[in-house]
Amino acid sequence: MTQTYYNYINGKWTASKSNEVYSSINPANTDEVLGYFQKSNEADVESAIAASENAFREWSKTAVPKRGDVLFNLIQLLEQNKEELASLITKEVGKSLREAKGEVRKTIDAMKQFSGEATRLNGETAPSQNDNILGYTVREPLGVVGVIAPFNFPLGIGIWKIAPAIIAGNTVVFKPASNTSLVGVKIMELFEEAGVPAGVINMVTGSGKTIGGAIGSNPEIKAVSFTGSTDVGVRLGNEVTSRGGRMQAEMGGKNPAIILEDADIDQAIESIVVSGFLDNGQRCTGTSRLIVPKTIAKEVTEKLVDRAKRLVIGDGFGENVDSGPVIDDQQLNTYLHYVNVSLEEGAKLEFGGKRLVDNGKDKGYFVAPTVFSNVTQEMTIFHEEIFGPVIGIIEVDSYDEALELANDSDFGLSSTIYTNDLEKAFHFVRHVESGVTHVNMPSTYFENQFPFGGKKASSIGPREQGSTALDFWTDYKSVYVNP
């Protein structure tokens, strides 16, 4: 019998006041229901906020290093449960087991970074104009905050948003993505076992429209950190900031990669495959626009198609599987829609562009890695995010034109260039309009000790991770003491 899971409020597993549930399914086999979850309403969010408010009084007074002990404990729990966690991610998200293990490893790395922040919640001193006065600053928590996580990295992003929030002394209302609610439940179990007191983290499951709306509109939520689509992030941000709250959002991308004539093309193609096709392109930093000089366009296209053909698509638990299914029928239909639009607008389909139904794949949301050539600046595929394994190849006459096209986007999250020309590489780094950039590396590469975020429509608010991880979650207080 399929298990029913509950909201986590004030340290207890609680049924929704709606008395309704929804299912989470395995995208590789839609006949498999992984669990039923609470279809929560505004009243459930209010209960979670009330629990967070009560817990804030004590948690905010707890010494910061003691708050940091939670993350030290969490690191051990993640290590002990890494195989189970990877298996759960593969089953609920659909990514290959290899990629799921990578997500768990990155989550552990992030916690190692954040755990040290507990002793680096620093203020500053500065000389006063009066020699009798000591002036300094301290950093204080905001209060109750909201965290809304996406489906594509449900463990990693969920935890690395919650961790700095609670280290800073805040209490959290957490909403996982509906189609990865089982991972959300596991996150709560891990934090509980790590020693987080009741009420410090509360989880409410349900639709983004209902739960996200309730979090966004409630004035008791002092700040909201969101990862998801740009449309939703902008709407939520407007609602939060209009009532005086803080907003942090990591949103969409249409990330460019430039390959120049002097690059190691084979190496570049391998990187493009990693950043554009693995996880089915369901990464906000994934490469989707490949910009190349006309002189090497044919070679690049042929090599990319050859690698796409050799990728193994199947159930993520299968041997040597590179990518599993996309997350759900909505994402499948989005992929098919953009394939059709691209063909109608004149792009040339070099490979892929279809749903895969062979060898039992008809029970899941499997799609082929897809390559389009003859893509131009006017086409929809050039500008709009697909969040699927689709790469459009754009031909140019020069590096200057390539850079201009790379920057021709409403988004500005990640980018990369492949070249052995050091001068062009650093020119690109200085002039590309993205918050994260790379040279001779996949656009998806990141390390947790560096700030993460984008420009333009890709981000709102302060950066996540790295040395800036606590900036969003704290207020500064200036103190003047006259002995």
# chains A, B, ... in the order shown; residues from 1 in each chain; ligands from 1
>>> closest_atom_pairs(of="region 207-315 of chain A", to="region 413-429 of chain A", cutoff="6 Å", atoms="only C-alpha atoms", output="CSV")
residue,atom,partner,partner_atom,distance
A:Gly253,CA,A:Leu413,CA,5.5
A:Asn255,CA,A:Ser415,CA,5.4
A:Pro256,CA,A:Ser415,CA,5.2
A:Ala257,CA,A:Thr416,CA,4.8
A:Ile258,CA,A:Ile417,CA,4.6
A:Ile259,CA,A:Tyr418,CA,4.8
A:Leu260,CA,A:Thr419,CA,5.5
A:Asp262,CA,A:Thr419,CA,5.7
A:Ala263,CA,A:Thr419,CA,4.2
A:Thr285,CA,A:Ser414,CA,5.5
>>> residues_around(residues="region 131-146 of chain A", least_positions_apart="2", cutoff="8 Å", atoms="only C-alpha atoms", output="PyMOL selection string")
chain A and resi 49+52-53+56+60+121-129+148+165+168-175+215+220-225+473-483
>>> closest_residue(among="A:Leu356, A:Gly199, A:Ala268, A:Glu299", to="Trp59 (chain A)", atoms="only C-alpha atoms")
A:Gly199
>>> select_by_dssp(residues="region 84-288 of chain A", states="alpha helix (DSSP H)", output="ChimeraX atom specification")
/A:84-93,97-117,154-167,181-194,213-217,230-242,265-276
>>> closest_residue(among="A:Leu155, A:Ala15, A:Arg98, A:Asn29", to="Asn320 (chain A)", atoms="only C-alpha atoms")
A:Arg98
>>> select_by_dssp(residues="region 180-276 of chain A", states="strand (DSSP E)", output="ChimeraX atom specification")
/A:201-203,221-227,246-250,255-259
>>> residues_around(residues="Thr301 (chain A)", least_positions_apart="6", cutoff="9 Å", atoms="only C-alpha atoms", output="PDB file with N, CA, C and O atoms, in the first residue's frame")
ATOM      1  N   GLU A 350      18.855  18.477 -36.516  1.00  0.00           N
ATOM      2  CA  GLU A 350      19.972  17.592 -36.837  1.00  0.00           C
ATOM      3  C   GLU A 350      19.824  16.232 -36.154  1.00  0.00           C
ATOM      4  O   GLU A 350      20.257  15.211 -36.683  1.00  0.00           O
ATOM      5  N   VAL A 371      19.490  18.445 -31.214  1.00  0.00           N
ATOM      6  CA  VAL A 371      20.392  19.437 -31.790  1.00  0.00           C
ATOM      7  C   VAL A 371      19.700  20.118 -32.966  1.00  0.00           C
ATOM      8  O   VAL A 371      19.233  19.451 -33.896  1.00  0.00           O
ATOM      9  N   PHE A 372      19.641  21.444 -32.922  1.00  0.00           N
ATOM     10  CA  PHE A 372      19.159  22.248 -34.045  1.00  0.00           C
ATOM     11  C   PHE A 372      20.318  23.069 -34.603  1.00  0.00           C
ATOM     12  O   PHE A 372      21.088  23.656 -33.833  1.00  0.00           O
ATOM     13  N   SER A 373      20.417  23.146 -35.933  1.00  0.00           N
ATOM     14  CA  SER A 373      21.348  24.073 -36.577  1.00  0.00           C
ATOM     15  C   SER A 373      20.531  25.141 -37.310  1.00  0.00           C
ATOM     16  O   SER A 373      19.301  25.134 -37.275  1.00  0.00           O
ATOM     17  N   ILE A 393      22.397  25.659 -32.478  1.00  0.00           N
ATOM     18  CA  ILE A 393      23.708  26.104 -32.981  1.00  0.00           C
ATOM     19  C   ILE A 393      23.521  27.349 -33.830  1.00  0.00           C
ATOM     20  O   ILE A 393      22.734  27.369 -34.774  1.00  0.00           O
TER      21      ILE A 393
END
>>> residues_around(residues="Thr380 (chain A)", least_positions_apart="6", cutoff="12 Å", atoms="only C-alpha atoms", output="short mmCIF file (atom, residue, chain, number, x, y, z; two decimals) with N, CA, C and O atoms, in the first residue's frame")
data_model
loop_
_atom_site.label_atom_id
_atom_site.label_comp_id
_atom_site.auth_asym_id
_atom_site.auth_seq_id
_atom_site.Cartn_x
_atom_site.Cartn_y
_atom_site.Cartn_z
N LYS A 254 19.33 31.28 -20.40
CA LYS A 254 19.45 30.87 -21.81
C LYS A 254 20.93 30.97 -22.12
O LYS A 254 21.41 31.84 -22.84
N ARG A 289 22.48 27.60 -25.99
CA ARG A 289 22.86 28.31 -27.22
C ARG A 289 24.35 28.07 -27.49
O ARG A 289 25.19 28.45 -26.67
N HIS A 337 6.64 21.21 -27.69
CA HIS A 337 6.19 22.50 -28.22
C HIS A 337 7.33 23.27 -28.85
O HIS A 337 7.22 23.78 -29.99
N TYR A 338 8.46 23.37 -28.15
CA TYR A 338 9.58 24.15 -28.68
C TYR A 338 10.23 23.47 -29.88
O TYR A 338 10.76 24.15 -30.77
N VAL A 339 10.21 22.15 -29.92
CA VAL A 339 10.71 21.46 -31.12
C VAL A 339 9.86 21.85 -32.32
O VAL A 339 10.39 22.20 -33.39
N ASN A 340 8.55 21.83 -32.17
CA ASN A 340 7.66 22.17 -33.28
C ASN A 340 7.80 23.63 -33.70
O ASN A 340 7.85 23.95 -34.90
N VAL A 341 7.90 24.53 -32.72
CA VAL A 341 8.06 25.95 -33.03
C VAL A 341 9.36 26.18 -33.79
O VAL A 341 9.42 26.95 -34.76
N SER A 342 10.43 25.53 -33.35
CA SER A 342 11.73 25.69 -34.00
C SER A 342 11.68 25.23 -35.46
O SER A 342 12.24 25.89 -36.35
N LEU A 343 11.03 24.12 -35.70
CA LEU A 343 10.89 23.63 -37.07
C LEU A 343 10.06 24.59 -37.92
O LEU A 343 10.41 24.90 -39.07
N GLU A 344 8.98 25.10 -37.35
CA GLU A 344 8.13 26.03 -38.08
C GLU A 344 8.87 27.32 -38.43
O GLU A 344 8.62 27.92 -39.48
N GLU A 345 9.80 27.73 -37.56
CA GLU A 345 10.52 28.98 -37.78
C GLU A 345 11.76 28.81 -38.65
O GLU A 345 12.47 29.79 -38.92
N GLY A 346 12.07 27.57 -39.06
CA GLY A 346 13.14 27.37 -40.01
C GLY A 346 14.43 26.79 -39.48
O GLY A 346 15.40 26.65 -40.24
N ALA A 347 14.49 26.44 -38.21
CA ALA A 347 15.69 25.76 -37.70
C ALA A 347 15.76 24.36 -38.29
O ALA A 347 14.73 23.74 -38.60
N ILE A 386 13.86 26.56 -22.48
CA ILE A 386 13.10 25.32 -22.68
C ILE A 386 13.18 24.43 -21.45
O ILE A 386 12.25 23.73 -21.12
N GLY A 392 20.69 24.76 -29.57
CA GLY A 392 20.61 25.43 -30.85
C GLY A 392 21.97 25.97 -31.27
O GLY A 392 22.64 26.64 -30.47
N SER A 409 20.20 38.57 -24.73
CA SER A 409 19.28 37.71 -23.99
C SER A 409 18.71 38.48 -22.81
O SER A 409 19.40 39.33 -22.22
#
>>> residues_around(residues="region 176-192 of chain A", least_positions_apart="6", cutoff="9 Å", atoms="only C-alpha atoms", output="ChimeraX atom specification")
/A:5-8,11,22-25,34-37,70-71,73-74,77-78,85,88-89,92-93,147-152,154-155,158-159,198,201-208,327-328
>>> atom_distance(atom1="CA of Met441 (chain A)", atom2="CA of Gln331 (chain A)")
27.2 Å
>>> closest_residue(among="A:Ala457, A:Met251, A:Ala297, A:Met379", to="Arg283 (chain A)", atoms="only C-alpha atoms")
A:Met251
>>> closest_residue(among="A:Phe226, A:Phe351, A:Trp160, A:Tyr335", to="Val367 (chain A)", atoms="only C-alpha atoms")
A:Tyr335
>>> residues_around(residues="Asp329 (chain A)", least_positions_apart="2", cutoff="10 Å", atoms="only C-alpha atoms", output="PyMOL selection string")
chain A and resi 27+30+326-327+331-335+364-366
>>> residues_around(residues="Thr370 (chain A)", least_positions_apart="2", cutoff="6 Å", atoms="only C-alpha atoms", output="PDB file with all heavy atoms, in the first residue's frame")
ATOM      1  N   PHE A 351      19.233  16.238 -34.963  1.00  0.00           N
ATOM      2  CA  PHE A 351      19.050  14.980 -34.232  1.00  0.00           C
ATOM      3  C   PHE A 351      18.031  15.195 -33.120  1.00  0.00           C
ATOM      4  O   PHE A 351      17.922  16.279 -32.557  1.00  0.00           O
ATOM      5  CB  PHE A 351      20.365  14.487 -33.629  1.00  0.00           C
ATOM      6  CG  PHE A 351      20.217  13.182 -32.896  1.00  0.00           C
ATOM      7  CD1 PHE A 351      20.065  11.995 -33.601  1.00  0.00           C
ATOM      8  CD2 PHE A 351      20.204  13.136 -31.512  1.00  0.00           C
ATOM      9  CE1 PHE A 351      19.905  10.779 -32.937  1.00  0.00           C
ATOM     10  CE2 PHE A 351      20.062  11.930 -30.840  1.00  0.00           C
ATOM     11  CZ  PHE A 351      19.904  10.745 -31.555  1.00  0.00           C
ATOM     12  N   GLY A 352      17.301  14.117 -32.810  1.00  0.00           N
ATOM     13  CA  GLY A 352      16.386  14.145 -31.673  1.00  0.00           C
ATOM     14  C   GLY A 352      15.032  14.728 -32.031  1.00  0.00           C
ATOM     15  O   GLY A 352      14.448  14.428 -33.068  1.00  0.00           O
ATOM     16  N   GLY A 353      14.519  15.536 -31.099  1.00  0.00           N
ATOM     17  CA  GLY A 353      13.254  16.213 -31.338  1.00  0.00           C
ATOM     18  C   GLY A 353      12.034  15.338 -31.192  1.00  0.00           C
ATOM     19  O   GLY A 353      10.992  15.621 -31.791  1.00  0.00           O
ATOM     20  N   ALA A 368      14.516  12.584 -26.510  1.00  0.00           N
ATOM     21  CA  ALA A 368      15.841  12.465 -27.117  1.00  0.00           C
ATOM     22  C   ALA A 368      16.630  13.760 -26.942  1.00  0.00           C
ATOM     23  O   ALA A 368      16.068  14.855 -27.054  1.00  0.00           O
ATOM     24  CB  ALA A 368      15.704  12.159 -28.603  1.00  0.00           C
ATOM     25  N   VAL A 390      17.857  20.510 -25.300  1.00  0.00           N
ATOM     26  CA  VAL A 390      17.801  21.088 -26.644  1.00  0.00           C
ATOM     27  C   VAL A 390      18.903  22.128 -26.789  1.00  0.00           C
ATOM     28  O   VAL A 390      18.967  23.088 -26.009  1.00  0.00           O
ATOM     29  CB  VAL A 390      16.437  21.739 -26.922  1.00  0.00           C
ATOM     30  CG1 VAL A 390      16.409  22.327 -28.329  1.00  0.00           C
ATOM     31  CG2 VAL A 390      15.307  20.739 -26.726  1.00  0.00           C
TER      32      VAL A 390
END
>>> closest_residue(among="A:Glu384, A:Glu302, A:Glu250, A:Asp322", to="Gly435 (chain A)", atoms="only C-alpha atoms")
A:Glu250
>>> closest_residue(among="A:Gln113, A:Asn19, A:Gln267, A:Ser229", to="Asn440 (chain A)", atoms="only C-alpha atoms")
A:Gln267
>>> atom_distance(atom1="CA of Ile313 (chain A)", atom2="CA of Lys354 (chain A)")
12.5 Å
>>> atom_distance(atom1="CA of Glu395 (chain A)", atom2="CA of Gly252 (chain A)")
23.8 Å
